[in-house]
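S.K.: My structure file input.cif, mmCIF, C-alpha atoms, is below:
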data_final
loop_
_atom_site.label_atom_id
_atom_site.label_comp_id
_atom_site.auth_asym_id
_atom_site.auth_seq_id
_atom_site.Cartn_x
_atom_site.Cartn_y
_atom_site.Cartn_z
CA MET A 1 114.29 118.16 134.27
CA GLU A 2 112.54 116.14 136.97
CA CYS A 3 114.86 115.36 139.87
CA ILE A 4 114.78 111.70 140.90
CA THR A 5 117.14 110.48 143.59
CA VAL A 6 119.30 107.40 143.24
CA GLU A 7 117.19 105.69 145.89
CA THR A 8 113.94 106.47 144.08
CA ALA A 9 115.41 105.38 140.76
CA SER A 10 116.53 102.04 142.18
CA ARG A 11 113.09 101.39 143.66
CA VAL A 12 111.39 102.19 140.35
CA ASP A 13 113.95 100.22 138.37
CA ALA A 14 113.34 97.11 140.42
CA LYS A 15 109.65 97.02 139.51
CA PHE A 16 109.76 97.08 135.72
CA SER A 17 110.78 94.18 133.50
CA SER A 18 113.52 94.64 130.92
CA ASP A 19 110.96 94.45 128.07
CA PHE A 20 108.46 96.88 129.64
CA LEU A 21 106.98 99.28 127.07
CA PHE A 22 106.86 102.92 128.13
CA GLY A 23 105.33 105.10 125.46
CA THR A 24 102.66 107.45 124.22
CA ALA A 25 99.40 106.99 122.32
CA THR A 26 97.48 108.82 119.59
CA ALA A 27 94.57 108.26 117.18
CA ALA A 28 94.65 108.93 113.44
CA HIS A 29 91.66 111.25 113.13
CA GLN A 30 92.76 113.28 116.14
CA ILE A 31 96.26 114.14 114.89
CA GLU A 32 96.77 113.34 111.20
CA GLY A 33 94.63 115.97 109.50
CA GLY A 34 92.98 115.62 106.11
CA ASN A 35 90.69 112.75 107.03
CA THR A 36 87.59 113.79 105.10
CA ARG A 37 86.03 110.46 104.14
CA ASN A 38 84.88 109.16 107.50
CA ASP A 39 81.73 109.54 109.58
CA TRP A 40 83.38 111.93 112.04
CA ALA A 41 84.37 114.42 109.32
CA ARG A 42 80.75 114.50 108.17
CA PHE A 43 79.48 114.75 111.76
CA GLU A 44 81.67 117.81 112.28
CA GLU A 45 79.88 119.61 109.45
CA ASP A 46 76.57 119.74 111.32
CA PRO A 47 76.22 122.72 113.68
CA GLY A 48 76.07 121.93 117.37
CA HIS A 49 77.97 118.65 117.30
CA ILE A 50 81.45 120.01 118.14
CA LYS A 51 82.10 122.72 120.70
CA ARG A 52 82.75 126.16 119.21
CA GLY A 53 81.86 124.69 115.81
CA GLU A 54 85.40 123.40 115.37
CA LYS A 55 86.38 120.86 112.72
CA SER A 56 89.31 118.49 112.78
CA GLY A 57 90.70 119.93 109.53
CA LEU A 58 94.48 119.62 109.61
CA ALA A 59 94.31 118.48 113.25
CA SER A 60 97.97 118.39 114.42
CA ASP A 61 99.24 117.86 110.85
CA HIS A 62 100.92 114.61 111.86
CA TRP A 63 100.38 113.07 108.38
CA ASN A 64 102.97 115.52 107.04
CA ARG A 65 105.23 115.49 110.12
CA VAL A 66 105.79 111.83 110.93
CA ALA A 67 109.58 111.98 111.00
CA GLY A 68 109.62 115.05 113.22
CA ASP A 69 107.08 113.58 115.63
CA ILE A 70 109.13 110.39 115.94
CA ARG A 71 112.09 112.59 116.90
CA LEU A 72 109.87 114.08 119.61
CA MET A 73 109.17 110.56 120.91
CA ARG A 74 112.89 109.90 121.15
CA GLU A 75 113.42 113.20 122.98
CA LEU A 76 110.98 111.92 125.59
CA GLY A 77 112.86 108.62 125.76
CA VAL A 78 109.94 106.36 124.85
CA ASN A 79 110.41 102.83 123.55
CA ALA A 80 106.83 102.30 122.32
CA TYR A 81 104.04 104.09 120.47
CA ARG A 82 100.38 103.16 120.12
CA PHE A 83 98.61 104.66 117.10
CA SER A 84 95.70 103.90 114.82
CA ILE A 85 95.50 103.50 111.07
CA GLU A 86 92.67 105.33 109.35
CA TRP A 87 90.33 102.86 107.61
CA SER A 88 88.72 105.55 105.40
CA ARG A 89 92.12 106.51 103.96
CA LEU A 90 93.08 102.91 103.30
CA GLU A 91 89.75 101.75 101.82
CA PRO A 92 88.09 104.97 100.57
CA ILE A 93 85.71 102.94 98.41
CA GLN A 94 84.51 99.51 99.44
CA GLY A 95 86.89 96.89 98.08
CA THR A 96 89.38 99.45 96.75
CA TRP A 97 92.66 99.83 98.63
CA ASP A 98 94.72 103.02 98.49
CA GLU A 99 98.25 101.68 98.03
CA ALA A 100 99.84 105.08 98.70
CA ALA A 101 98.10 105.30 102.07
CA TRP A 102 99.25 101.79 102.99
CA GLY A 103 102.73 102.79 101.93
CA HIS A 104 102.58 105.81 104.23
CA TYR A 105 101.86 103.63 107.26
CA GLU A 106 104.51 101.10 106.20
CA ASP A 107 107.05 103.93 106.08
CA GLU A 108 105.93 105.19 109.50
CA LEU A 109 106.42 101.72 110.96
CA ARG A 110 109.89 101.46 109.41
CA GLN A 111 110.84 104.80 110.93
CA LEU A 112 109.54 103.76 114.34
CA ARG A 113 111.46 100.50 114.23
CA ALA A 114 114.64 102.30 113.15
CA ALA A 115 114.23 104.66 116.12
CA GLY A 116 113.90 101.76 118.56
CA VAL A 117 110.20 102.37 119.14
CA THR A 118 107.88 99.34 119.34
CA PRO A 119 104.52 100.00 117.62
CA MET A 120 101.11 98.94 118.86
CA VAL A 121 98.57 99.40 116.04
CA THR A 122 94.86 100.02 116.58
CA LEU A 123 92.57 99.09 113.71
CA LEU A 124 89.42 100.97 114.75
CA HIS A 125 89.65 104.12 116.84
CA PHE A 126 86.01 105.29 116.44
CA THR A 127 86.05 106.46 112.79
CA LEU A 128 84.29 104.58 109.98
CA PRO A 129 84.46 105.05 106.19
CA ILE A 130 81.43 106.94 104.93
CA TRP A 131 80.52 104.07 102.58
CA LEU A 132 80.10 101.87 105.64
CA ALA A 133 78.46 104.51 107.83
CA ASP A 134 75.81 105.05 105.16
CA ARG A 135 74.81 101.39 105.49
CA GLY A 136 74.49 101.49 109.27
CA GLY A 137 78.09 101.59 110.49
CA VAL A 138 78.79 99.11 113.27
CA THR A 139 75.14 97.97 113.17
CA ALA A 140 75.34 97.04 109.46
CA PRO A 141 74.85 93.28 108.92
CA ASP A 142 78.13 93.02 106.99
CA PHE A 143 80.20 95.22 109.33
CA PRO A 144 82.02 92.24 110.94
CA GLU A 145 82.86 90.81 107.52
CA ARG A 146 84.12 94.15 106.18
CA PHE A 147 86.19 94.77 109.30
CA GLY A 148 87.67 91.29 108.99
CA CYS A 149 88.72 92.10 105.41
CA PHE A 150 90.33 95.32 106.61
CA ALA A 151 92.23 93.42 109.32
CA ALA A 152 93.40 90.85 106.78
CA GLN A 153 94.77 93.59 104.52
CA ALA A 154 96.50 95.22 107.52
CA ALA A 155 98.14 91.90 108.32
CA ARG A 156 99.34 91.53 104.71
CA CYS A 157 100.72 95.06 104.43
CA LEU A 158 101.95 95.76 107.97
CA GLY A 159 102.08 92.45 109.81
CA SER A 160 105.83 91.90 109.42
CA MET A 161 106.48 95.07 111.45
CA VAL A 162 103.69 94.83 114.05
CA ALA A 163 103.69 92.45 117.01
CA LEU A 164 100.93 94.15 119.03
CA TRP A 165 97.42 94.90 117.75
CA CYS A 166 94.32 96.49 119.26
CA THR A 167 91.36 95.52 117.14
CA LEU A 168 89.03 98.05 118.78
CA ASN A 169 89.45 101.15 120.88
CA GLU A 170 86.82 101.59 123.60
CA PRO A 171 83.84 99.80 122.04
CA ASN A 172 81.95 100.61 125.25
CA VAL A 173 82.44 104.33 124.61
CA GLN A 174 81.53 104.05 120.92
CA MET A 175 78.28 102.29 121.82
CA ASN A 176 77.41 104.66 124.68
CA ALA A 177 78.32 107.99 123.06
CA GLY A 178 77.03 107.14 119.60
CA TYR A 179 73.89 105.13 120.32
CA LEU A 180 72.68 106.02 123.84
CA GLU A 181 73.78 109.61 124.47
CA GLY A 182 73.72 110.69 120.82
CA MET A 183 76.82 112.87 121.27
CA TRP A 184 78.94 111.07 118.65
CA PRO A 185 78.19 109.57 115.25
CA PRO A 186 75.62 108.43 114.33
CA GLY A 187 73.96 110.65 116.97
CA LYS A 188 71.31 108.18 118.09
CA GLN A 189 69.57 107.72 121.44
CA SER A 190 68.21 104.23 121.02
CA PRO A 191 68.80 101.34 123.46
CA GLY A 192 67.85 98.90 120.70
CA GLU A 193 70.43 100.32 118.31
CA ALA A 194 72.99 100.41 121.14
CA VAL A 195 72.57 96.67 121.62
CA LYS A 196 73.03 96.11 117.88
CA ALA A 197 76.17 98.25 117.97
CA PHE A 198 77.64 96.24 120.84
CA VAL A 199 76.92 92.94 119.12
CA GLY A 200 78.37 94.22 115.84
CA LEU A 201 81.56 95.43 117.48
CA MET A 202 82.12 92.16 119.32
CA ARG A 203 81.52 90.08 116.18
CA ALA A 204 83.85 92.39 114.26
CA HIS A 205 86.58 91.87 116.85
CA ALA A 206 86.25 88.11 116.43
CA ALA A 207 86.50 88.43 112.64
CA ALA A 208 89.54 90.71 112.88
CA THR A 209 91.29 88.36 115.29
CA ARG A 210 90.86 85.44 112.90
CA ALA A 211 92.32 87.52 110.08
CA LEU A 212 95.28 88.75 112.12
CA ARG A 213 96.16 85.30 113.43
CA THR A 214 96.11 83.95 109.89
CA GLY A 215 97.99 86.82 108.27
CA ALA A 216 100.30 87.85 111.12
CA PRO A 217 100.90 84.69 113.14
CA GLY A 218 102.63 85.15 116.47
CA SER A 219 101.39 88.68 117.02
CA LYS A 220 99.52 89.56 120.21
CA ILE A 221 95.97 90.92 120.11
CA GLY A 222 93.75 92.80 122.53
CA ILE A 223 91.03 95.44 122.88
CA ALA A 224 91.51 98.79 124.60
CA VAL A 225 88.56 99.27 126.97
CA ASN A 226 87.73 102.49 128.80
CA LEU A 227 87.49 101.58 132.49
CA VAL A 228 85.86 103.99 134.93
CA VAL A 229 85.68 103.52 138.68
CA LEU A 230 81.95 103.57 139.46
CA ASP A 231 81.42 103.81 143.21
CA PRO A 232 78.05 104.09 144.98
CA ALA A 233 77.25 107.73 145.73
CA THR A 234 76.01 106.77 149.21
CA ARG A 235 77.86 103.84 150.73
CA TRP A 236 75.05 102.89 153.08
CA SER A 237 72.44 102.80 150.30
CA PRO A 238 71.79 99.29 148.91
CA PHE A 239 70.08 100.90 145.92
CA ASP A 240 73.22 102.89 145.05
CA TRP A 241 75.29 99.75 145.45
CA LEU A 242 73.05 97.85 143.04
CA ALA A 243 73.04 100.73 140.57
CA SER A 244 76.85 100.94 140.63
CA TYR A 245 77.15 97.16 140.28
CA PHE A 246 74.92 96.90 137.19
CA THR A 247 76.47 100.00 135.61
CA GLY A 248 79.99 98.79 136.22
CA HIS A 249 79.27 95.29 134.99
CA ALA A 250 77.76 96.57 131.74
CA TYR A 251 80.22 99.37 131.05
CA ASN A 252 83.54 98.02 132.33
CA TRP A 253 83.33 94.26 132.00
CA SER A 254 80.88 93.27 129.25
CA VAL A 255 83.54 93.34 126.50
CA TYR A 256 86.03 90.97 128.09
CA ASP A 257 83.32 88.87 129.73
CA ALA A 258 82.02 88.17 126.22
CA ILE A 259 85.51 87.09 125.17
CA GLN A 260 86.03 84.99 128.28
CA ASN A 261 82.68 83.21 127.93
CA GLY A 262 82.21 83.14 124.15
CA ARG A 263 78.85 84.79 124.72
CA VAL A 264 77.72 88.38 124.08
CA ARG A 265 75.91 89.58 127.18
CA LEU A 266 74.87 93.10 128.09
CA TYR A 267 72.33 93.98 130.76
CA VAL A 268 71.21 97.23 132.35
CA PRO A 269 67.77 96.89 134.01
CA GLY A 270 65.10 98.65 131.99
CA LEU A 271 67.57 99.81 129.34
CA LEU A 272 69.83 97.22 127.67
CA ARG A 273 69.58 93.46 127.31
CA VAL A 274 71.25 90.96 125.01
CA ASP A 275 72.46 87.41 125.58
CA GLU A 276 73.60 85.33 122.62
CA PRO A 277 76.39 82.84 121.99
CA TRP A 278 79.34 83.73 119.76
CA PRO A 279 81.93 80.99 120.25
CA ALA A 280 84.52 82.68 118.01
CA LEU A 281 85.05 85.26 120.75
CA LYS A 282 86.43 82.74 123.21
CA GLY A 283 90.20 82.96 123.43
CA SER A 284 90.35 85.84 120.92
CA VAL A 285 92.70 88.04 122.97
CA ASP A 286 96.21 87.76 124.35
CA PHE A 287 96.15 90.82 126.62
CA PHE A 288 93.83 93.33 128.26
CA GLY A 289 94.15 96.99 127.23
CA ILE A 290 93.13 99.49 129.93
CA ASN A 291 92.27 103.11 129.13
CA TYR A 292 91.88 104.75 132.54
CA TYR A 293 91.11 108.39 133.36
CA THR A 294 88.62 108.94 136.19
CA ARG A 295 85.91 107.93 138.65
CA TYR A 296 82.18 108.66 138.96
CA LEU A 297 79.73 108.21 141.80
CA ILE A 298 76.54 106.33 140.92
CA ARG A 299 73.14 107.03 142.45
CA PHE A 300 69.92 105.08 141.97
CA SER A 301 67.25 107.43 140.61
CA LEU A 302 63.79 106.60 139.29
CA ARG A 303 63.81 109.89 137.38
CA SER A 304 66.93 109.05 135.38
CA ARG A 305 67.33 106.96 132.25
CA GLY A 306 68.09 103.41 133.25
CA MET A 307 67.42 104.48 136.85
CA ILE A 308 71.05 105.58 137.15
CA GLU A 309 72.37 109.05 137.95
CA ARG A 310 76.07 109.79 137.50
CA ARG A 311 77.86 112.32 139.69
CA LEU A 312 81.40 113.70 139.74
CA GLY A 313 83.74 112.55 142.48
CA PRO A 314 84.98 114.99 145.14
CA GLY A 315 88.66 115.23 144.12
CA ASP A 316 90.53 117.76 141.99
CA ARG A 317 89.47 117.87 138.34
CA SER A 318 91.18 118.10 134.99
CA ASP A 319 90.24 120.50 132.19
CA MET A 320 87.76 117.82 131.04
CA ASN A 321 86.08 118.15 134.45
CA TRP A 322 87.10 114.59 135.29
CA GLU A 323 88.08 113.73 138.83
CA ILE A 324 91.79 112.99 139.23
CA TYR A 325 91.73 109.68 141.08
CA PRO A 326 95.01 107.72 140.79
CA GLU A 327 93.90 105.10 143.31
CA GLY A 328 91.35 104.05 140.71
CA LEU A 329 94.06 102.93 138.32
CA TYR A 330 95.47 100.62 140.98
CA ARG A 331 91.99 99.31 141.80
CA MET A 332 91.24 98.62 138.16
CA LEU A 333 94.54 96.84 137.56
CA ARG A 334 93.79 94.53 140.47
CA LYS A 335 90.24 93.86 139.24
CA VAL A 336 91.31 93.11 135.67
CA TRP A 337 93.94 90.63 136.84
CA SER A 338 91.58 88.90 139.26
CA ARG A 339 88.80 88.60 136.64
CA TYR A 340 90.73 87.59 133.52
CA LYS A 341 94.29 86.54 134.41
CA LEU A 342 95.62 88.20 131.25
CA PRO A 343 98.76 90.31 130.77
CA ILE A 344 97.87 94.00 130.89
CA TYR A 345 98.86 97.05 128.87
CA ILE A 346 97.75 100.46 130.10
CA THR A 347 96.89 101.62 126.61
CA GLU A 348 95.81 105.13 127.67
CA ASN A 349 96.22 107.28 130.77
CA GLY A 350 96.60 111.03 130.73
CA ILE A 351 95.25 114.44 131.65
CA ALA A 352 93.83 117.48 129.87
CA ASP A 353 95.83 120.32 131.42
CA ALA A 354 96.27 123.39 129.22
CA VAL A 355 98.19 125.43 131.80
CA GLY A 356 100.27 122.48 132.94
CA HIS A 357 99.82 122.83 136.70
CA GLN A 358 98.55 119.28 137.23
CA ARG A 359 100.35 117.06 134.73
CA ALA A 360 103.49 116.41 136.78
CA ALA A 361 101.55 115.37 139.88
CA PHE A 362 99.15 113.32 137.75
CA LEU A 363 102.02 111.38 136.21
CA ARG A 364 103.77 110.75 139.50
CA SER A 365 100.64 109.53 141.27
CA HIS A 366 99.45 107.28 138.46
CA LEU A 367 102.88 105.79 137.82
CA ARG A 368 103.17 105.05 141.53
CA ALA A 369 99.88 103.16 141.19
CA VAL A 370 101.41 101.16 138.32
CA THR A 371 104.54 100.47 140.36
CA GLN A 372 102.46 99.23 143.29
CA ALA A 373 100.44 96.92 141.04
CA ILE A 374 103.62 95.44 139.58
CA SER A 375 104.93 94.93 143.13
CA ASP A 376 101.76 92.96 143.84
CA GLY A 377 102.64 90.56 141.05
CA ILE A 378 100.24 91.86 138.41
CA PRO A 379 101.77 91.29 134.92
CA ILE A 380 101.70 94.82 133.49
CA ARG A 381 103.58 94.85 130.20
CA GLY A 382 103.40 98.52 129.26
CA TYR A 383 102.16 102.06 129.91
CA PHE A 384 101.08 104.48 127.15
CA TYR A 385 100.44 108.11 128.07
CA TRP A 386 97.63 109.91 126.27
CA SER A 387 98.77 111.77 124.35
CA LEU A 388 102.01 112.42 122.49
CA LEU A 389 100.54 115.62 121.01
CA ASP A 390 97.71 118.01 121.66
CA ASN A 391 94.89 116.93 119.36
CA PHE A 392 91.30 117.19 118.20
CA GLU A 393 89.43 115.80 121.19
CA TRP A 394 86.26 114.65 119.41
CA ALA A 395 83.12 116.57 120.47
CA GLU A 396 85.24 118.76 122.76
CA GLY A 397 87.21 120.18 119.83
CA PHE A 398 90.72 121.57 120.27
CA ALA A 399 90.43 123.11 123.74
CA PRO A 400 91.52 120.07 125.84
CA ARG A 401 95.31 119.82 125.93
CA PHE A 402 96.41 116.25 126.65
CA GLY A 403 99.75 116.37 124.84
CA LEU A 404 103.24 115.99 126.25
CA TRP A 405 104.04 118.24 123.31
CA HIS A 406 101.99 121.42 123.02
CA VAL A 407 100.78 122.18 119.47
CA ASN A 408 100.33 125.68 118.10
CA TYR A 409 97.38 125.10 115.76
CA GLU A 410 98.30 128.08 113.56
CA THR A 411 101.94 127.16 112.91
CA PHE A 412 101.91 123.51 114.09
CA GLU A 413 105.04 124.19 116.11
CA ARG A 414 105.58 121.63 118.88
CA THR A 415 106.89 122.75 122.28
CA PRO A 416 107.27 120.71 125.50
CA ALA A 417 104.21 120.83 127.75
CA ARG A 418 104.67 121.46 131.44
CA GLY A 419 105.08 118.14 133.21
CA SER A 420 106.61 116.35 130.21
CA ASP A 421 109.95 116.37 132.05
CA VAL A 422 108.45 114.03 134.65
CA PHE A 423 107.44 111.59 131.93
CA ALA A 424 110.92 111.83 130.37
CA ALA A 425 112.61 111.17 133.72
CA TRP A 426 110.58 108.00 134.26
CA ALA A 427 111.27 106.94 130.66
CA LYS A 428 115.00 107.32 131.27
CA ILE A 429 114.90 105.16 134.39
CA ILE A 430 112.74 102.46 132.80
CA GLY A 431 114.68 102.49 129.53
CA ASN A 432 118.12 102.27 131.15
CA ARG A 433 117.56 99.06 133.08
#
Could you write out this structure as structure tokens?
M.R.:
Amino acid sequence: MECITVETASRVDAKFSSDFLFGTATAAHQIEGGNTRNDWARFEEDPGHIKRGEKSGLASDHWNRVAGDIRLMRELGVNAYRFSIEWSRLEPIQGTWDEAAWGHYEDELRQLRAAGVTPMVTLLHFTLPIWLADRGGVTAPDFPERFGCFAAQAARCLGSMVALWCTLNEPNVQMNAGYLEGMWPPGKQSPGEAVKAFVGLMRAHAAATRALRTGAPGSKIGIAVNLVVLDPATRWSPFDWLASYFTGHAYNWSVYDAIQNGRVRLYVPGLLRVDEPWPALKGSVDFFGINYYTRYLIRFSLRSRGMIERRLGPGDRSDMNWEIYPEGLYRMLRKVWSRYKLPIYITENGIADAVGHQRAAFLRSHLRAVTQAISDGIPIRGYFYWSLLDNFEWAEGFAPRFGLWHVNYETFERTPARGSDVFAAWAKIIGNR
């Protein structure tokens, strides 16, 4: 077990409020198994999309192991859990709800509440029902309406047990990976379609917020946005500074700027442009959700798409080849607070570390960044480590190991990952205030 001195414990204890949420996060398709009716399951069938030709299949078999996995949360000492509900299970055919699937999630929420674990529920964590994907997915004209209906049903079935909702997980990633890079469903490389995807996602968020506030009044709503530190590759180059500015503004801030201004704006010179009013966005969130992992260096390049070249930072790297840059979390927390003046949840932060040599240091350094931000007066309400379990990491397959619990994918046995003791030690301090 991690050794924390009385002095260290008292310093940490003084920073966190009595209602601070300290938990873990997951996504349905990545851990449940058996999700065969969404666009990702179909995408996995085509050769070349997923490394080593892997398919999510049974994933971590969480669908059949909910009670046991909640016991694992309690062993870690968490008081919160962020997870997503799988739309394609719940509405396998348009307009037809699967009552057994809704009942499964209701039971999971009851078990979490009984264990003293506060749930944060995400409505859309990348996966779409095939019936919707076949009509254009997030670019379909009726996507916002259909997503609003899904949110309304979630409020009816689950709203009495859920106080915290994320409508969308990383809409900036879904747009970029699915419509610009072509690495995720629907596998497109079209700036025009990317713009449509961004507009569709923002309108869908507005529709979902209306439904949740009607059906689950008093609950708090936000979006989890992937934030990446994007520094100029050469600090004396004005071109690199401009490139990093435009990239950062489009990638990091366009989602919440749209909400702040009631206007959907997205601009990358020579690549993306949209500017249209959508007043329903204004005031549609109660908190900012930060998913933070890494930093990149940005270089202006006429030879690159959008005149932007992305480079890795110089620090140590995780198994995902991402730079480990804890200072970036502190920087992003400060920027979010200065821009939006909203309470903040760190909805994801974690490391792929199969051997386990880096996880302990990663946790310490990033939690110190959180502690410093709280000391500065930034209203951080919670921290969710990604992930509770090893999982199916999208196009990377099963190789990346993010979990605090290691999963044997043949037997589905769970064993503590190296570094999980550090997380548990911090959970004990925060939970015992």
S.K.: Rounded to one decimal place, report the CA of Pro314 in chain A-CA of Ser244 in chain A distance in Å.
M.R.: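 Atom-to-atom, CA of Pro314 in chain A to CA of Ser244 in chain A, that is 16.8 Å.
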S.K.: Using the chain letters and numbers from the file, give me the residues hit by the PyMOL selection byres ((chain A and resi 360-372) around 9), as JSON, numbers by chain.
M.R.: {"A": [12, 15, 16, 324, 325, 326, 327, 328, 329, 330, 331, 333, 349, 350, 351, 356, 357, 358, 359, 373, 374, 375, 376, 377, 380, 383, 385, 418, 419, 420, 421, 422, 423, 426]}
S.K.: Here's the selection I'm unsure about, the PyMOL selection byres ((chain A and resi 196-203) around 8); applied to the file above, which residues does it give, as number ranges by chain?
M.R.: A: 138-141, 143-144, 171-172, 175, 179, 192-195, 204-207, 255, 258, 264, 278, 281
S.K.: Mind telling me what the PyMOL selection byres ((chain A and resi 236-241) around 12) catches here, as JSON, numbers by chain?
M.R.: {"A": [230, 231, 232, 233, 234, 235, 242, 243, 244, 245, 246, 247, 248, 297, 298, 299, 300, 301, 302, 307, 308, 309, 310, 311]}
S.K.: Print the selection's residues with C-alpha atoms to a file, as an mmCIF file, in the frame of the given file.
M.R.:
data_model
loop_
_atom_site.group_PDB
_atom_site.id
_atom_site.type_symbol
_atom_site.label_atom_id
_atom_site.label_comp_id
_atom_site.auth_asym_id
_atom_site.auth_seq_id
_atom_site.Cartn_x
_atom_site.Cartn_y
_atom_site.Cartn_z
ATOM 1 C CA LEU A 230 81.950 103.570 139.460
ATOM 2 C CA ASP A 231 81.420 103.810 143.210
ATOM 3 C CA PRO A 232 78.050 104.090 144.980
ATOM 4 C CA ALA A 233 77.250 107.730 145.730
ATOM 5 C CA THR A 234 76.010 106.770 149.210
ATOM 6 C CA ARG A 235 77.860 103.840 150.730
ATOM 7 C CA LEU A 242 73.050 97.850 143.040
ATOM 8 C CA ALA A 243 73.040 100.730 140.570
ATOM 9 C CA SER A 244 76.850 100.940 140.630
ATOM 10 C CA TYR A 245 77.150 97.160 140.280
ATOM 11 C CA PHE A 246 74.920 96.900 137.190
ATOM 12 C CA THR A 247 76.470 100.000 135.610
ATOM 13 C CA GLY A 248 79.990 98.790 136.220
ATOM 14 C CA LEU A 297 79.730 108.210 141.800
ATOM 15 C CA ILE A 298 76.540 106.330 140.920
ATOM 16 C CA ARG A 299 73.140 107.030 142.450
ATOM 17 C CA PHE A 300 69.920 105.080 141.970
ATOM 18 C CA SER A 301 67.250 107.430 140.610
ATOM 19 C CA LEU A 302 63.790 106.600 139.290
ATOM 20 C CA MET A 307 67.420 104.480 136.850
ATOM 21 C CA ILE A 308 71.050 105.580 137.150
ATOM 22 C CA GLU A 309 72.370 109.050 137.950
ATOM 23 C CA ARG A 310 76.070 109.790 137.500
ATOM 24 C CA ARG A 311 77.860 112.320 139.690
#
S.K.: Using CA of Tyr345 in chain A and CA of Ala395 in chain A as the two end points, give the distance in Å to one decimal.
M.R.: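 Separating CA of Tyr345 in chain A from CA of Ala395 in chain A is a distance of 26.4 Å.
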S.K.: Enclose all atoms of range 21-38 of chain A listed in the file in an axis-aligned box, grow every side by 4 Å, and hand back centre and edge lengths in Å to one decimal, as lines of an AutoDock Vina configuration file.
M.R.:
center_x = 95.9
center_y = 107.6
center_z = 116.1
size_x = 30.1
size_y = 24.7
size_z = 32.0
